[in-house]
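Written out below as C-alpha cells is the structure these notes cover.
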Amino acid sequence: MIEVFVTQRHSEAEGICSFELTAVDGSPLPPYEPGAHIDVHLPNRLIRQYSLCPGSEQVGRYLIAVLLEPTSRGGSAAVHALQIGDRLHIGAPRNHFPLETGALRSVLLAGGIGITPLLSMTEHLAARGADFVLHYGARSAARMAFEERLHQESVAPHVHFHLDDGAPEQKLVLAEALGAVTPGTHIYVCGPGGFMDWVLQGAREAGWPEAQLHREYFAAPARAQDLDAEDGAFQIQIGRDGAIHTVPAERNVIEVLNEHGIEVPVSCEQGVCGTCVTRVLKGQPDHRDSYLTEQERAANDCFTPCCSRAHSQLLVLDL
Ligand code: FES
C-alpha cells in the first residue's frame, strides 16, 4: 500500500469532486495505463475503486473524481469529506479495462461519472493520432465534468456531448454512435448500470461480438429484494478432497470461508473489482457480479465469492 495525502480538491461538476493524491514520501506514484483504477482505503474502513484521470500537469500524482451518491453505502460520502492535507492509503494501479492494443478504431461511451476512465483513454488515443470517438452523456450541462479538458484542441474533434435535458437532435443515437460492426473496432463503456446495460444490449443486438465490447462498472447493479428473498443455502468444498461447509441463505461465501480460517482477498465486496475471483472446479455458480464477462460467466470455472452464490447444491473451489 502507498500512503498519500490530498494535495488538491476541486469541484468538477454538480455532485462531482476531484482529488489529487500525492505520495507522502514525495516519490512519484507508479505509472499506470489508461483505464486503470486504484483501491482507496477510506477513513471509515471501506475500500473503494476509483479510476485514475490525472492531466498532464499531474505527472507522478493521481487524480480521482467521485460522484456523491445519495444511495451510496458510505464510500462516496467518505471521499467527499476528504480535505486538503488528509492522509490515506491506496493500492497500486490495476487495469481491468485496458485499451485493445491492436484496435483500428475505438468507440468510447461515457455516462455521467463514467467519464473518468474514458477521459484518460481519450487523451491517450488523441496523443497517438488514433481513430476514435467519445460520446459523453450527462443529465445536464451542470453535471458534465472535465469539459475544459474535453474541449482541448487535440481532443475536441473526437468528442460528442449529449445532454438528457438538451435538444432532441443532440441525443445519443446508439446505432449511429456504434456504426457498422467491423473487425478491429472496439467499444468501451462506463457509467451508470442502466446506461451500460442499454449500450451493451444494443451492441449485442446489432451483432457486435463480445470480444469487442469492454466495460467497467462502478457499482453492483441494484438487485430486487424479492430476488434476494429467494436465496437458498448451498455447500462449498475446499478443493476436490477438502472439507465441505454450508453457506446459509443469509451469509456469503467469503464470510463462511473466513469463519473456517480461509482468507480470500477482497476489496469492493460487491462484485465490481475482481479482487476475490476464485476458480471453481465443479458446480454451477450463480453469478451476481458485474466484473466477469459473459464468456467468463458461461465457462463456469470461476466466480466472485464476495457476492455470488450457487445454482448447484455444491461448488468445489480451487482453494
Ligand atoms: S471483492 Fe471485488 S469482486 Fe469480490
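Naming works like this for the C-alpha cells: A, B, ... for the chains as they're shown, residue 1 at the start of each chain, ligands 1 onward in shown order.
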
Please provide as an MDAnalysis selection string all residues within 9 Å of Thr293 in chain A, with the sequence filter that same-chain residues fewer than 6 positions apart are discarded (counting only C-alpha atoms). chainID A and resid 210 214:215

Show which residues sit within 6 Å of Gly191 in chain A, as a VMD selection string. Count only C-alpha atoms, and ignore same-chain residues fewer than 3 positions away. chain A and resid 110 to 112 114

Just the helix (DSSP H, G or I) stuff from range 40-197 of chain A, please, per backbone DSSP, written as number ranges by chain. A: 56-58, 75-80, 112-127, 141-143, 147-150, 156-158, 168-170, 174-178, 193-197

For the interface of chain A with ligand 1 (cut-off 10 Å, counting only C-alpha atoms and all ligand atoms), please tabulate each contacting residue of chain A alongside its nearest pair of atoms and their separation in Å to one decimal, rows sorted by chain and increasing number, as a Markdown table.
| residue | atom | partner | partner_atom_place_in_ligand_line | distance |
| --- | --- | --- | --- | --- |
| A:Ile47 | CA | ligand 1 | 1 (S) | 9.5 |
| A:Arg48 | CA | ligand 1 | 2 (Fe) | 9.1 |
| A:Gln49 | CA | ligand 1 | 2 (Fe) | 9.0 |
| A:Ala219 | CA | ligand 1 | 2 (Fe) | 9.9 |
| A:Ala220 | CA | ligand 1 | 3 (S) | 9.3 |
| A:Ile254 | CA | ligand 1 | 4 (Fe) | 8.9 |
| A:Val264 | CA | ligand 1 | 1 (S) | 8.9 |
| A:Pro265 | CA | ligand 1 | 1 (S) | 7.1 |
| A:Val266 | CA | ligand 1 | 1 (S) | 3.8 |
| A:Ser267 | CA | ligand 1 | 1 (S) | 4.2 |
| A:Cys268 | CA | ligand 1 | 2 (Fe) | 4.0 |
| A:Glu269 | CA | ligand 1 | 1 (S) | 4.0 |
| A:Gln270 | CA | ligand 1 | 2 (Fe) | 5.6 |
| A:Gly271 | CA | ligand 1 | 3 (S) | 3.4 |
| A:Val272 | CA | ligand 1 | 3 (S) | 4.6 |
| A:Cys273 | CA | ligand 1 | 2 (Fe) | 3.9 |
| A:Gly274 | CA | ligand 1 | 3 (S) | 3.9 |
| A:Thr275 | CA | ligand 1 | 2 (Fe) | 4.9 |
| A:Cys276 | CA | ligand 1 | 4 (Fe) | 4.3 |
| A:Val277 | CA | ligand 1 | 4 (Fe) | 6.4 |
| A:Thr278 | CA | ligand 1 | 4 (Fe) | 9.2 |
| A:Arg288 | CA | ligand 1 | 3 (S) | 9.6 |
| A:Asp289 | CA | ligand 1 | 3 (S) | 6.6 |
| A:Ser290 | CA | ligand 1 | 3 (S) | 7.9 |
| A:Tyr291 | CA | ligand 1 | 3 (S) | 6.6 |
| A:Leu292 | CA | ligand 1 | 3 (S) | 8.9 |
| A:Phe303 | CA | ligand 1 | 4 (Fe) | 8.7 |
| A:Thr304 | CA | ligand 1 | 4 (Fe) | 5.1 |
| A:Pro305 | CA | ligand 1 | 4 (Fe) | 6.2 |
| A:Cys306 | CA | ligand 1 | 4 (Fe) | 4.4 |
| A:Cys307 | CA | ligand 1 | 4 (Fe) | 6.6 |
| A:Ser308 | CA | ligand 1 | 4 (Fe) | 8.6 |

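Ranking A:Val316, A:Cys302, A:Leu163, A:Ile262 by their shortest atom-to-atom distance to Lys282 in chain A, with only C-alpha atoms included, puts A:Val316 first.
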
Give me, as a VMD selection string, all polymer residues having an atom no more than 12 Å from Ser76 in chain A, counting only C-alpha atoms and skipping those fewer than 2 positions away in the same chain. chain A and resid 15 to 18 40 to 44 46 to 50 64 to 74 78 to 82 113 218 to 219

Given the choices A:Val4, A:Val280, A:Ile90, A:Leu109, which gets closest to Asn300 in chain A if the distance is worked out from only C-alpha atoms? A:Val280

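Counting only C-alpha atoms and comparing A:Ser56, A:Ser51, A:Ser11, A:Gln235, the residue that lies closest to Ala92 in chain A is A:Ser51.
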
Check the smallest atom-to-atom distance from each of A:Cys190, A:Ala77, A:Leu119, A:Ala180 to Arg105 in chain A using only C-alpha atoms, then report the winner. A:Ala180

Restricting the calculation to only C-alpha atoms, which member of A:Gln284, A:Thr101, A:Gln295, A:Thr22 is positioned closest to Ser312 in chain A? A:Gln284

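Of the listed residues A:Ser154, A:Ser140, A:Thr185, A:Asn95, the one whose atoms come nearest to Pro209 in chain A is A:Thr185, with distances taken using only C-alpha atoms.
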
Which residues are close to Pro98 in chain A, i.e. within 8 Å by only C-alpha atoms, leaving aside same-chain residues fewer than 3 positions away? Reply as a PyMOL selection string. chain A and resi 33-36+95

Pick out the residues sitting within 7 Å of Ile187 in chain A, and hand them over as JSON, numbers by chain; count only C-alpha atoms, and ignore anything fewer than 2 positions along from it in its own chain. {"A": [106, 107, 108, 185, 189, 212, 213, 214]}

Output N, CA and C atoms for every residue in that selection, as a tab-separated table (two decimals), in the first residue's frame.
chain	number	residue	atom	x	y	z
A	106	SER	N	-11.70	3.00	-32.08
A	106	SER	CA	-12.27	2.84	-30.73
A	106	SER	C	-13.47	3.75	-30.59
A	107	VAL	N	-14.54	3.20	-30.03
A	107	VAL	CA	-15.74	3.98	-29.74
A	107	VAL	C	-15.91	3.98	-28.23
A	108	LEU	N	-15.82	5.15	-27.61
A	108	LEU	CA	-15.91	5.28	-26.16
A	108	LEU	C	-17.26	5.89	-25.81
A	185	THR	N	-12.75	-2.76	-34.62
A	185	THR	CA	-13.34	-1.67	-33.85
A	185	THR	C	-13.70	-2.19	-32.46
A	189	VAL	N	-17.39	1.11	-22.63
A	189	VAL	CA	-18.49	1.82	-21.99
A	189	VAL	C	-18.31	1.84	-20.48
A	212	GLN	N	-15.32	-7.64	-28.60
A	212	GLN	CA	-15.08	-6.25	-28.98
A	212	GLN	C	-15.81	-5.27	-28.05
A	213	LEU	N	-16.42	-5.82	-26.99
A	213	LEU	CA	-17.14	-4.98	-26.02
A	213	LEU	C	-16.37	-4.96	-24.71
A	214	HIS	N	-16.10	-3.78	-24.22
A	214	HIS	CA	-15.32	-3.63	-22.99
A	214	HIS	C	-16.09	-2.70	-22.06
